[in-house]
Each structure stands twice: as C-alpha cells, then as structure tokens.
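To keep things clear, I will list the structure first and then write my remarks on it.
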Amino acid sequence: MDKQDVIIIGAGASGLMCAATAAYRGRKVLILDHANKAGKKILMSGGGRCNFTNMDAAPKHFLSDNPHFCISALRRYTPQDFVDLVDRHSLDYVEKAPGQLFCEHSAKDLLSILMTEVEWSGAQLQLNTHVQQIEYLSDGILVTTNQGQFECESLVVATGGLSIPTMGASGFGYELAEQVGHHVLPMRASLVPITLQPERKEQLSALSGIACEIRASAHNAQFEEPMLFTHRGVSGPAILQITNFWQPGEALQIHLAPNLTLESLNQARDQQAKKTIESVLANELPKRLVELMKTELPWLEQKLAQVSNEQLDSLIHYLSHFDIAPNGTEGYRTAEVTLGGVDTKEVSSKTFESQKQKGLYFIGEVLDVTGWLGGYNFQWAWSSGFAAGQYV
Ligand code: FDA
C-alpha cells in the first residue's frame, strides 16, 4: 500500500498550489486527477491568457453565505505574493484593465510555472485516476482508485465547481462533503451569459457581435462595463458580473449608454438643434443598435429642435430600462464559476480542515466562496491552496 502524508484530489489551480506549498514543507504529497491533463481550466481561462489575479482583490469582491471566511486566507497569501511567484519565473504579463493581470502570451506559461513548482517541491501527480471510495480509518484515510489504493493522513478536496463538465468538472467534492455530514449550499452557474425569451432573442439577433457600454443592476449590485449581444442572448463583462447577483425570474435592469443623461440631451438640443437625435445617440451606441431603437421609437430620426421634453424623457426611460427579456442563463456549459457549495461555517478559515471529519480539507471553488469576474477566482484558488498547504 502506497503511504502518503497528503493526497489532493484535483490538479487544478488550488490543488497545484496546495501541493507545492505542502511538499516544500517536507510533506509527501500525491495529487490525483481523473482528467488526462492538469490545470485544464487555467488553460482555457481569460480567453487562453488566464486573468490570474486582481491586484485589488479584497473580501468585498467575494460572495459567500459566510462573508468573513475568506478574509484570513486572502490576507495570508495576497495578489502580490502570487505576482512575486510568477516574477521569480520571469512570466510576461499585462494589466489589461485596472488590477487585472493576464499572461502576455499564453495561459500555458502560467501552468508551466505551477507544474515546475510542483516538480521542484517533490509533489507527485497522477492523472487518469478515478477515486472510487474513501474510508476514514482510526489512523488515516484510505483512498481507493482505479489505479490502486493509497493511504494518507490528510485528504484535500480541490475538485472545483460544476462549470464546463467537458473539462473534468464533477460534483464529486460536494458528494464527498455530504457523506461526512457537511451542509452544501444550493449551487448555480454564475459569471455566465444570459439567454433571452424567444421573441426578444429574435428581435435582438440582428445585433449579434456588437458590444456597448451599459450599467447592469440587480439587487444592490451594479456594474458599468460592456455588454455583448450574441446569437444566444447577451454576454460581456457587465452581464457576467451581474449573474453573481441576479437569478432567472428576478428583476434585472439594463441601462444603455449610462453617460447619456437628460441634461446632456437638453444641452445637445440647445447647441446642436439641427442634428438628428439618432446622430447624437450614434456617438454613444453602435449604429445597428440605434437602427433597432428606431423601429421602436421612429421619432429618433427627427432633428433635436423638433423633439419635445416628453420625448427626451421617454428616450431616457427607454435607455435606462432597456428590455432584454431575460429568460435564464447558458448554465454550467459556459459558466466560469459555481455559486454556493460546501458551507464554510463547517470549515476552519485558518487551516481549511473540515469540522466534521478530521484530516479532511476543502479548498478552492468547491467551497461556498465565489469571486467577481476579473481574476478574483484564481486569487481565491491560490490563497486557499496556500493556506491549507501550510497545515495539511
Ligand atoms: P479547478 O476547476 O481549477 O480544478 C479542479 C480539478 O479537479 C480539475 O483538474 C478536475 O479535473 C479535477 N476533478 C474534478 N472532479 C474530480 C474527481 N472526481 N476526481 C479527480 N479529479 C477531479 N477565474 C479567474 O480568476 N480568471 C479568469 O480569467 C477565469 N477564466 C475562466 C474561464 C472559464 C471558461 C472558466 C470555466 C473559468 C474561469 N475562471 C477564471 C474560474 C477559475 O477557472 C476557477 O475559479 C478555478 O479554476 C477554480 O480552481 P479550483 O482549483 O477550485 O478548481
């Protein structure tokens, strides 16, 4: 029987970080993954360039039923700590938006750094390994797989969320948690495109491929970023962000061209009376969208001088309540993350050990901690993986 100090299930972002951290401490570490390659989500993330952290990452950027849980780990392993790591490996990266760091060339470069760290630390990786059974013994944990049996002192669940099942995602971590009595909070696909009701989808299909600046609001959250019309519905940063807060069936407010106000329209009417209102709109919105608006508000062809106060009011109302008729989301097939998961009230925020089962640890996305779009989710994987790696 192969005896390990630590077995980590899941060779994704958090599992690789935890493995290297623990093995550098001298622990004998084995990572098991059922996929044929480690870090598949790292490779596909950020459009293939991986938005690997956000320099502004703070607890307020994470959603959880237990909002204080993430504070300690984020403090103990910060975005700067991760940047120091990639700097030691001379990774080329760029800040694409404030705080958002992406690989300059390819996410492969980042995965290769993590694999190098795993190799240098002495942790072992075994792919194509399906865990069949876990038994908690008096002096350890027995893991039975299709590749044989392994015994360990500490078992780390780093199996991630449910999104992109074709990349190896599974509900295994949640099942394992429930087996030892953990509460798993309701889950749903998030950071995900929104689908539209059939009639509206048909109307908006002409806009597929265009993007515009919007303010998306739901509950108390709002994001001012671009929205992208797709052939299935709407996507883009503003839409992905709001799905962390909005659920199908709830109110979702879309404000087109949020910089355009009644005051600025009034001013344009005073100063550029001969211009048509559609030409003013075209400064803020893509032409195809203005064309669609004209089918609903035909008077947009008029000169500003001829437009009444009521019409300007109705235009502002139209822009600030743009009806996309949301239907649902594209679900786990395209979602970046899973909201909900293993209830953190039953996990130590210091060590990440389960309070239900000695020697069992949960890290990364399997926990009920979900970041905003923009590199926060990988930072959670690094911070939680590092924190647990110091104790397993
Ligand atoms: P992760 O999913 O990385 O790893 C889980 C591992 O467990 C996988 O290797 C899987 O094969 C393995 N596994 C699952 N079940 C198993 C089982 N039963 N037995 C054995 N192994 C099992 N975040 C961000 O901050 N910036 C970004 O740019 C992006 N972009 C992005 C794009 C897309 C398309 C997606 C889907 C996601 C993102 N994310 C992101 C989110 C980010 O990828 C995610 O939050 C982290 O990868 C989570 O890290 P984990 O280690 O928890 O799981």
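In the structure tokens, chains take the letters A, B, ... in the order shown, each chain's residues start at 1, and ligands count up from 1 in the order shown.
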Give me the residues of chain A that have any atom at most 7 Å from an atom of ligand 1; for each, the nearest atom pair and the distance in Å, rounded to one decimal. Use only C-alpha atoms and all ligand atoms, sort by chain and number, and format it as CSV.
```
residue,atom,partner,partner_atom_place_in_ligand_line,distance
A:Ile9,CA,ligand 1,20 (C),5.3
A:Gly10,CA,ligand 1,7 (O),3.3
A:Ala11,CA,ligand 1,9 (O),4.3
A:Gly12,CA,ligand 1,4 (O),3.2
A:Ala13,CA,ligand 1,51 (O),3.9
A:Ser14,CA,ligand 1,51 (O),3.6
A:Gly15,CA,ligand 1,51 (O),5.3
A:Leu32,CA,ligand 1,20 (C),5.9
A:Asp33,CA,ligand 1,21 (N),3.6
A:His34,CA,ligand 1,20 (C),4.1
A:Ala35,CA,ligand 1,11 (O),4.7
A:Ala38,CA,ligand 1,9 (O),5.4
A:Gly39,CA,ligand 1,9 (O),5.3
A:Lys40,CA,ligand 1,9 (O),6.2
A:Lys41,CA,ligand 1,43 (O),4.8
A:Ile42,CA,ligand 1,43 (O),5.7
A:Met44,CA,ligand 1,34 (C),5.6
A:Ser45,CA,ligand 1,30 (N),3.5
A:Gly46,CA,ligand 1,28 (O),3.6
A:Cys50,CA,ligand 1,28 (O),4.5
A:Asn51,CA,ligand 1,28 (O),3.7
A:Phe52,CA,ligand 1,26 (N),5.4
A:Thr53,CA,ligand 1,25 (O),6.0
A:Thr129,CA,ligand 1,20 (C),6.5
A:His130,CA,ligand 1,19 (N),5.5
A:Val131,CA,ligand 1,19 (N),5.7
A:Ala158,CA,ligand 1,51 (O),5.3
A:Thr159,CA,ligand 1,7 (O),3.5
A:Gly160,CA,ligand 1,53 (O),3.3
A:Gly161,CA,ligand 1,2 (O),6.0
A:Ser163,CA,ligand 1,36 (C),5.7
A:Ile164,CA,ligand 1,36 (C),5.7
A:Met167,CA,ligand 1,11 (O),6.5
A:Gly168,CA,ligand 1,11 (O),4.0
A:Ala169,CA,ligand 1,14 (C),4.7
A:Ser170,CA,ligand 1,15 (N),4.4
A:Gly171,CA,ligand 1,15 (N),6.6
A:Phe172,CA,ligand 1,18 (N),4.7
A:Gly173,CA,ligand 1,15 (N),6.9
A:Thr334,CA,ligand 1,34 (C),6.5
A:Ala335,CA,ligand 1,36 (C),5.9
A:Glu336,CA,ligand 1,37 (C),3.7
A:Val337,CA,ligand 1,41 (C),5.6
A:Ile363,CA,ligand 1,52 (O),6.5
A:Gly364,CA,ligand 1,52 (O),3.5
A:Glu365,CA,ligand 1,52 (O),3.8
A:Val366,CA,ligand 1,52 (O),5.9
A:Leu373,CA,ligand 1,24 (C),6.7
A:Gly374,CA,ligand 1,26 (N),5.8
A:Gly375,CA,ligand 1,25 (O),3.2
A:Tyr376,CA,ligand 1,25 (O),4.6
A:Asn377,CA,ligand 1,25 (O),3.7
A:Phe378,CA,ligand 1,25 (O),3.7
A:Gln379,CA,ligand 1,25 (O),6.2
A:Ala381,CA,ligand 1,49 (O),5.1
```
Just-selected residues, C-alpha atoms written as a short mmCIF file (atom, residue, chain, number, x, y, z; two decimals), in the first residue's frame:
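And here is the file that came out, part.cif:
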```
data_model
loop_
_atom_site.label_atom_id
_atom_site.label_comp_id
_atom_site.auth_asym_id
_atom_site.auth_seq_id
_atom_site.Cartn_x
_atom_site.Cartn_y
_atom_site.Cartn_z
CA ILE A 9 -7.95 15.29 -5.27
CA GLY A 10 -7.89 17.78 -8.16
CA ALA A 11 -4.90 19.08 -10.10
CA GLY A 12 -6.44 22.47 -10.80
CA ALA A 13 -5.41 25.91 -9.59
CA SER A 14 -5.95 25.38 -5.86
CA GLY A 15 -4.76 21.75 -5.81
CA LEU A 32 -4.82 12.65 -8.09
CA ASP A 33 -6.93 13.84 -11.01
CA HIS A 34 -9.35 11.94 -13.22
CA ALA A 35 -8.54 14.15 -16.22
CA ALA A 38 -3.60 19.09 -15.06
CA GLY A 39 -4.98 22.63 -14.94
CA LYS A 40 -7.34 22.47 -17.91
CA LYS A 41 -9.38 25.44 -16.67
CA ILE A 42 -6.24 27.52 -16.30
CA MET A 44 -8.97 27.91 -21.18
CA SER A 45 -9.32 30.88 -18.82
CA GLY A 46 -9.15 34.54 -19.80
CA CYS A 50 -5.60 33.49 -17.89
CA ASN A 51 -6.53 36.51 -15.79
CA PHE A 52 -4.53 35.01 -12.93
CA THR A 53 -5.12 37.62 -10.23
CA THR A 129 -7.15 8.36 -11.73
CA HIS A 130 -10.75 7.86 -10.68
CA VAL A 131 -11.41 7.86 -6.96
CA ALA A 158 -9.73 20.55 -4.62
CA THR A 159 -12.22 19.34 -7.22
CA GLY A 160 -13.53 22.80 -8.19
CA GLY A 161 -17.05 23.68 -9.31
CA SER A 163 -18.83 24.53 -14.78
CA ILE A 164 -17.57 23.11 -18.09
CA MET A 167 -13.06 19.89 -18.88
CA GLY A 168 -13.30 17.44 -15.99
CA ALA A 169 -15.70 19.25 -13.65
CA SER A 170 -17.67 16.93 -11.39
CA GLY A 171 -19.89 17.06 -8.34
CA PHE A 172 -17.55 14.66 -6.53
CA GLY A 173 -16.33 17.18 -3.94
CA THR A 334 -20.34 28.04 -20.44
CA ALA A 335 -20.32 29.42 -16.86
CA GLU A 336 -16.98 30.45 -15.37
CA VAL A 337 -17.93 29.51 -11.82
CA ILE A 363 -10.06 24.42 -0.88
CA GLY A 364 -10.86 26.47 -3.98
CA GLU A 365 -14.16 26.71 -5.77
CA VAL A 366 -15.79 23.66 -4.14
CA LEU A 373 -15.12 38.46 -12.71
CA GLY A 374 -11.59 39.82 -13.08
CA GLY A 375 -9.01 37.41 -11.64
CA TYR A 376 -10.59 37.11 -8.20
CA ASN A 377 -11.49 33.43 -8.53
CA PHE A 378 -7.94 32.37 -9.28
CA GLN A 379 -6.72 34.51 -6.37
CA ALA A 381 -7.65 29.29 -5.50
#
```
From the DSSP assignment of the backbone, select every residue of stretch 68-205 of chain A that is strand (DSSP E), and format the answer as a ChimeraX atom specification. /A:93-97,100-103,124-126,131-137,140-145,148-152,154-157,184-190,194-196
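In terms of minimum interatomic distance to A:Ala251, A:Pro326 ranks closest within A:Gly385, A:Gly233, A:Pro59, A:Pro326, counting only C-alpha atoms.
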All alpha helix (DSSP H) positions in stretch 12-173 of chain A, as a PyMOL selection string: chain A and resi 13-24+40-44+69-76+79-88+107-121+172-173
Same residues, C-alpha atoms, saved as a compact mmCIF listing (two decimals), in the first residue's frame:
```
# COMPACT_ATOMS: atom_id res chain seq x y z
CA ALA A 13 -5.41 25.91 -9.59
CA SER A 14 -5.95 25.38 -5.86
CA GLY A 15 -4.76 21.75 -5.81
CA LEU A 16 -1.44 22.54 -7.53
CA MET A 17 -0.79 25.49 -5.21
CA CYS A 18 -1.61 23.43 -2.13
CA ALA A 19 0.55 20.53 -3.32
CA ALA A 20 3.68 22.64 -3.85
CA THR A 21 3.20 24.50 -0.56
CA ALA A 22 2.82 21.30 1.45
CA ALA A 23 5.63 19.43 -0.33
CA TYR A 24 8.06 22.35 0.22
CA LYS A 40 -7.34 22.47 -17.91
CA LYS A 41 -9.38 25.44 -16.67
CA ILE A 42 -6.24 27.52 -16.30
CA LEU A 43 -5.51 26.86 -19.98
CA MET A 44 -8.97 27.91 -21.18
CA PHE A 69 -14.47 33.25 5.89
CA CYS A 70 -12.22 34.40 3.03
CA ILE A 71 -10.53 37.25 4.92
CA SER A 72 -7.77 35.29 6.65
CA ALA A 73 -6.54 33.33 3.61
CA LEU A 74 -6.65 36.37 1.31
CA ARG A 75 -4.53 38.23 3.86
CA ARG A 76 -2.01 35.39 4.26
CA PRO A 79 -2.10 39.01 -5.15
CA GLN A 80 1.41 40.44 -4.63
CA ASP A 81 2.58 37.08 -3.25
CA PHE A 82 1.39 35.41 -6.45
CA VAL A 83 2.99 38.12 -8.59
CA ASP A 84 6.27 37.54 -6.69
CA LEU A 85 6.00 33.85 -7.56
CA VAL A 86 5.44 34.43 -11.29
CA ASP A 87 8.15 37.11 -11.31
CA ARG A 88 10.64 34.54 -9.97
CA ALA A 107 -2.01 30.60 -20.09
CA LYS A 108 0.32 27.70 -20.88
CA ASP A 109 3.17 29.82 -19.46
CA LEU A 110 1.38 30.10 -16.11
CA LEU A 111 0.50 26.40 -15.96
CA SER A 112 4.09 25.57 -16.73
CA ILE A 113 5.19 27.68 -13.72
CA LEU A 114 2.80 25.80 -11.45
CA MET A 115 3.97 22.44 -12.81
CA THR A 116 7.59 23.47 -12.26
CA GLU A 117 6.78 24.42 -8.66
CA VAL A 118 5.07 21.07 -8.15
CA GLU A 119 8.10 19.28 -9.59
CA TRP A 120 10.64 21.28 -7.55
CA SER A 121 8.64 20.72 -4.36
CA PHE A 172 -17.55 14.66 -6.53
CA GLY A 173 -16.33 17.18 -3.94
```
What's around A:Val143 at 6 Å? Count only C-alpha atoms, leave out sequence neighbours fewer than 2 positions away in its own chain, and write the answer as a CSV table (one decimal) with N, CA and C atoms, in the first residue's frame.
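Okay, part_39.csv is ready:
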```
chain,number,residue,atom,x,y,z
A,133,GLN,N,-13.6,5.2,-3.8
A,133,GLN,CA,-14.1,5.1,-2.4
A,133,GLN,C,-13.1,5.8,-1.4
A,134,ILE,N,-13.7,6.4,-0.4
A,134,ILE,CA,-12.9,7.0,0.7
A,134,ILE,C,-13.3,6.3,2.0
A,149,GLN,N,-4.8,1.5,-4.3
A,149,GLN,CA,-5.2,2.1,-3.0
A,149,GLN,C,-4.0,2.9,-2.5
A,150,PHE,N,-4.4,4.0,-1.8
A,150,PHE,CA,-3.4,4.9,-1.2
A,150,PHE,C,-3.9,5.3,0.2
```
If I take atom CA of A:Ala257 and atom CA of A:Leu289, how far is one from the other in Å, to one decimal? 11.2 Å
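Distances from A:Lys275, A:His182, A:Lys356, A:Arg288 to A:Leu204 were compared using only C-alpha atoms, and the smallest one belongs to A:Arg288.
Atom pair atom CA of A:Val280 / atom CA of A:Ala325 has a distance of 26.0 Å (rounded to one decimal).
When only C-alpha atoms are used to compute distances to A:Leu162, the closest of the residues A:Ser190, A:Gln222, A:Ser279, A:Thr144 turns out to be A:Ser190.
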Contacts of stretch 152-157 of chain A at 7 Å or less, counting only C-alpha atoms, minus same-chain residues fewer than 5 places along, as a ChimeraX atom specification? /A:3-10,140-142,173,359-363,392
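The interatomic distance for the pair atom CA of A:Gln357 and atom CA of A:Glu175 works out to 14.0 Å.
Remark: for A:Thr261, the closest of the candidate residues A:Ile316, A:Ala238, A:Leu292, A:Asn283 is A:Ile316 (distances computed over only C-alpha atoms).
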For A:His317, find every residue with an atom within 12 Å (counting only C-alpha atoms), except residues of its own chain fewer than 4 positions away, and show them as an mmCIF file with all heavy atoms, in the first residue's frame.
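Now in around-v9.cif:
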```cif
data_model
loop_
_atom_site.group_PDB
_atom_site.id
_atom_site.type_symbol
_atom_site.label_atom_id
_atom_site.label_comp_id
_atom_site.auth_asym_id
_atom_site.auth_seq_id
_atom_site.Cartn_x
_atom_site.Cartn_y
_atom_site.Cartn_z
ATOM 1 N N GLN A 253 -31.992 45.211 -14.366
ATOM 2 C CA GLN A 253 -32.092 46.490 -15.064
ATOM 3 C C GLN A 253 -30.877 46.712 -15.953
ATOM 4 O O GLN A 253 -29.733 46.597 -15.495
ATOM 5 C CB GLN A 253 -32.217 47.617 -14.044
ATOM 6 C CG GLN A 253 -32.778 48.882 -14.649
ATOM 7 C CD GLN A 253 -32.894 50.003 -13.627
ATOM 8 O OE1 GLN A 253 -32.824 49.773 -12.426
ATOM 9 N NE2 GLN A 253 -33.044 51.216 -14.115
ATOM 10 N N ILE A 254 -31.135 47.008 -17.217
ATOM 11 C CA ILE A 254 -30.051 47.300 -18.160
ATOM 12 C C ILE A 254 -30.185 48.754 -18.584
ATOM 13 O O ILE A 254 -31.228 49.158 -19.114
ATOM 14 C CB ILE A 254 -30.139 46.390 -19.420
ATOM 15 C CG1 ILE A 254 -30.120 44.906 -19.054
ATOM 16 C CG2 ILE A 254 -29.029 46.736 -20.420
ATOM 17 C CD1 ILE A 254 -28.820 44.385 -18.489
ATOM 18 N N HIS A 255 -29.164 49.528 -18.341
ATOM 19 C CA HIS A 255 -29.154 50.947 -18.710
ATOM 20 C C HIS A 255 -28.149 51.118 -19.854
ATOM 21 O O HIS A 255 -26.944 50.993 -19.642
ATOM 22 C CB HIS A 255 -28.748 51.766 -17.480
ATOM 23 C CG HIS A 255 -28.940 53.238 -17.643
ATOM 24 N ND1 HIS A 255 -29.154 54.080 -16.578
ATOM 25 C CD2 HIS A 255 -28.955 54.022 -18.739
ATOM 26 C CE1 HIS A 255 -29.297 55.314 -17.021
ATOM 27 N NE2 HIS A 255 -29.172 55.307 -18.330
ATOM 28 N N LEU A 256 -28.666 51.389 -21.061
ATOM 29 C CA LEU A 256 -27.769 51.597 -22.210
ATOM 30 C C LEU A 256 -27.156 52.982 -22.116
ATOM 31 O O LEU A 256 -27.814 53.927 -21.656
ATOM 32 C CB LEU A 256 -28.558 51.520 -23.517
ATOM 33 C CG LEU A 256 -29.242 50.213 -23.900
ATOM 34 C CD1 LEU A 256 -29.982 50.399 -25.228
ATOM 35 C CD2 LEU A 256 -28.243 49.085 -24.034
ATOM 36 N N ALA A 257 -25.951 53.132 -22.590
ATOM 37 C CA ALA A 257 -25.277 54.437 -22.643
ATOM 38 C C ALA A 257 -25.488 55.231 -21.355
ATOM 39 O O ALA A 257 -26.100 56.303 -21.364
ATOM 40 C CB ALA A 257 -25.782 55.228 -23.849
ATOM 41 N N PRO A 258 -25.021 54.704 -20.210
ATOM 42 C CA PRO A 258 -25.329 55.374 -18.939
ATOM 43 C C PRO A 258 -24.765 56.796 -18.839
ATOM 44 O O PRO A 258 -25.201 57.563 -17.977
ATOM 45 C CB PRO A 258 -24.698 54.460 -17.880
ATOM 46 C CG PRO A 258 -23.764 53.570 -18.613
ATOM 47 C CD PRO A 258 -24.241 53.478 -20.020
ATOM 48 N N LEU A 260 -25.214 59.056 -21.060
ATOM 49 C CA LEU A 260 -26.151 59.969 -21.708
ATOM 50 C C LEU A 260 -27.251 60.314 -20.709
ATOM 51 O O LEU A 260 -27.972 59.436 -20.247
ATOM 52 C CB LEU A 260 -26.753 59.255 -22.923
ATOM 53 C CG LEU A 260 -27.150 60.085 -24.117
ATOM 54 C CD1 LEU A 260 -25.964 60.862 -24.672
ATOM 55 C CD2 LEU A 260 -27.693 59.157 -25.199
ATOM 56 N N THR A 261 -27.368 61.590 -20.344
ATOM 57 C CA THR A 261 -28.360 61.990 -19.338
ATOM 58 C C THR A 261 -29.346 62.970 -19.958
ATOM 59 O O THR A 261 -29.114 63.489 -21.064
ATOM 60 C CB THR A 261 -27.665 62.683 -18.148
ATOM 61 O OG1 THR A 261 -27.010 63.848 -18.666
ATOM 62 C CG2 THR A 261 -26.654 61.787 -17.472
ATOM 63 N N LEU A 262 -30.395 63.254 -19.216
ATOM 64 C CA LEU A 262 -31.377 64.240 -19.689
ATOM 65 C C LEU A 262 -30.686 65.587 -19.882
ATOM 66 O O LEU A 262 -30.951 66.299 -20.863
ATOM 67 C CB LEU A 262 -32.511 64.350 -18.658
ATOM 68 C CG LEU A 262 -33.793 65.007 -19.133
ATOM 69 C CD1 LEU A 262 -34.348 64.336 -20.382
ATOM 70 C CD2 LEU A 262 -34.842 64.984 -18.020
ATOM 71 N N LEU A 297 -38.815 53.542 -31.600
ATOM 72 C CA LEU A 297 -39.004 54.985 -31.380
ATOM 73 C C LEU A 297 -38.738 55.699 -32.711
ATOM 74 O O LEU A 297 -37.649 56.265 -32.901
ATOM 75 C CB LEU A 297 -38.024 55.510 -30.310
ATOM 76 C CG LEU A 297 -37.940 54.788 -28.962
ATOM 77 C CD1 LEU A 297 -36.798 55.348 -28.121
ATOM 78 C CD2 LEU A 297 -39.237 54.943 -28.192
ATOM 79 N N GLU A 310 -41.112 65.618 -23.468
ATOM 80 C CA GLU A 310 -41.693 64.293 -23.178
ATOM 81 C C GLU A 310 -40.921 63.214 -23.946
ATOM 82 O O GLU A 310 -40.669 62.132 -23.431
ATOM 83 C CB GLU A 310 -43.174 64.235 -23.575
ATOM 84 C CG GLU A 310 -44.116 65.036 -22.693
ATOM 85 C CD GLU A 310 -43.948 66.541 -22.871
ATOM 86 O OE1 GLU A 310 -43.672 66.993 -24.008
ATOM 87 O OE2 GLU A 310 -44.050 67.257 -21.861
ATOM 88 N N GLN A 311 -40.578 63.542 -25.185
ATOM 89 C CA GLN A 311 -39.837 62.548 -25.991
ATOM 90 C C GLN A 311 -38.445 62.295 -25.397
ATOM 91 O O GLN A 311 -37.988 61.157 -25.347
ATOM 92 C CB GLN A 311 -39.741 63.011 -27.450
ATOM 93 C CG GLN A 311 -41.062 62.799 -28.187
ATOM 94 C CD GLN A 311 -41.055 63.392 -29.576
ATOM 95 O OE1 GLN A 311 -40.545 64.494 -29.779
ATOM 96 N NE2 GLN A 311 -41.629 62.675 -30.526
ATOM 97 N N LEU A 312 -37.803 63.383 -24.934
ATOM 98 C CA LEU A 312 -36.479 63.189 -24.304
ATOM 99 C C LEU A 312 -36.620 62.334 -23.043
ATOM 100 O O LEU A 312 -35.808 61.436 -22.788
ATOM 101 C CB LEU A 312 -35.831 64.523 -23.958
ATOM 102 C CG LEU A 312 -35.282 65.353 -25.121
ATOM 103 C CD1 LEU A 312 -34.453 66.517 -24.593
ATOM 104 C CD2 LEU A 312 -34.438 64.521 -26.069
ATOM 105 N N ASP A 313 -37.671 62.614 -22.269
ATOM 106 C CA ASP A 313 -37.929 61.807 -21.060
ATOM 107 C C ASP A 313 -38.126 60.337 -21.443
ATOM 108 O O ASP A 313 -37.587 59.437 -20.801
ATOM 109 C CB ASP A 313 -39.211 62.283 -20.342
ATOM 110 C CG ASP A 313 -38.956 63.537 -19.516
ATOM 111 O OD1 ASP A 313 -37.776 63.818 -19.227
ATOM 112 O OD2 ASP A 313 -39.936 64.228 -19.177
ATOM 113 N N HIS A 321 -34.124 51.556 -19.031
ATOM 114 C CA HIS A 321 -34.884 50.327 -18.772
ATOM 115 C C HIS A 321 -34.900 49.480 -20.033
ATOM 116 O O HIS A 321 -35.945 48.993 -20.447
ATOM 117 C CB HIS A 321 -36.326 50.663 -18.354
ATOM 118 C CG HIS A 321 -36.394 51.376 -17.046
ATOM 119 N ND1 HIS A 321 -36.164 52.720 -16.902
ATOM 120 C CD2 HIS A 321 -36.657 50.914 -15.790
ATOM 121 C CE1 HIS A 321 -36.289 53.058 -15.633
ATOM 122 N NE2 HIS A 321 -36.585 51.983 -14.925
ATOM 123 N N PHE A 322 -33.738 49.325 -20.664
ATOM 124 C CA PHE A 322 -33.683 48.571 -21.922
ATOM 125 C C PHE A 322 -34.102 47.133 -21.634
ATOM 126 O O PHE A 322 -33.494 46.451 -20.799
ATOM 127 C CB PHE A 322 -32.265 48.628 -22.500
ATOM 128 C CG PHE A 322 -32.168 47.947 -23.838
ATOM 129 C CD1 PHE A 322 -32.779 48.482 -24.955
ATOM 130 C CD2 PHE A 322 -31.473 46.753 -23.976
ATOM 131 C CE1 PHE A 322 -32.701 47.857 -26.192
ATOM 132 C CE2 PHE A 322 -31.383 46.115 -25.204
ATOM 133 C CZ PHE A 322 -32.003 46.673 -26.318
ATOM 134 N N ASP A 323 -35.125 46.714 -22.334
ATOM 135 C CA ASP A 323 -35.720 45.415 -22.024
ATOM 136 C C ASP A 323 -35.030 44.318 -22.834
ATOM 137 O O ASP A 323 -35.196 44.251 -24.042
ATOM 138 C CB ASP A 323 -37.219 45.468 -22.351
ATOM 139 C CG ASP A 323 -37.907 44.153 -21.997
ATOM 140 O OD1 ASP A 323 -37.331 43.383 -21.200
ATOM 141 O OD2 ASP A 323 -38.997 43.908 -22.537
#
```
Residues near A:Gly99, cut-off 7 Å, only C-alpha atoms, skip fewer than 2 positions along chain, as a PyMOL selection string: chain A and resi 54-56+95+97+101
Env of A:Leu252: 8 Å cut, atoms = only C-alpha atoms, seq-sep filter 3 positions within chain, self excluded. Answer as a PyMOL selection string. chain A and resi 216-218+246+326
Keeping N, CA, C and O atoms, export the residues of the selection given above as a JSON list (two decimals), in the first residue's frame.
```json
[["chain", "number", "residue", "atom", "x", "y", "z"],
["A", 216, "ALA", "N", -25.51, 47.44, -15.62],
["A", 216, "ALA", "CA", -26.42, 46.34, -15.27],
["A", 216, "ALA", "C", -26.63, 46.38, -13.76],
["A", 216, "ALA", "O", -25.66, 46.46, -13.00],
["A", 217, "SER", "N", -27.89, 46.34, -13.33],
["A", 217, "SER", "CA", -28.17, 46.37, -11.89],
["A", 217, "SER", "C", -29.15, 45.28, -11.49],
["A", 217, "SER", "O", -30.12, 45.01, -12.22],
["A", 218, "ALA", "N", -28.89, 44.68, -10.36],
["A", 218, "ALA", "CA", -29.81, 43.69, -9.76],
["A", 218, "ALA", "C", -29.54, 43.69, -8.27],
["A", 218, "ALA", "O", -28.39, 43.76, -7.85],
["A", 246, "TRP", "N", -27.84, 38.24, -9.82],
["A", 246, "TRP", "CA", -29.18, 38.08, -10.41],
["A", 246, "TRP", "C", -29.50, 36.61, -10.65],
["A", 246, "TRP", "O", -28.61, 35.84, -11.00],
["A", 326, "PRO", "N", -34.86, 38.80, -20.11],
["A", 326, "PRO", "CA", -34.01, 37.65, -19.76],
["A", 326, "PRO", "C", -34.85, 36.40, -19.50],
["A", 326, "PRO", "O", -35.93, 36.49, -18.94]]
```
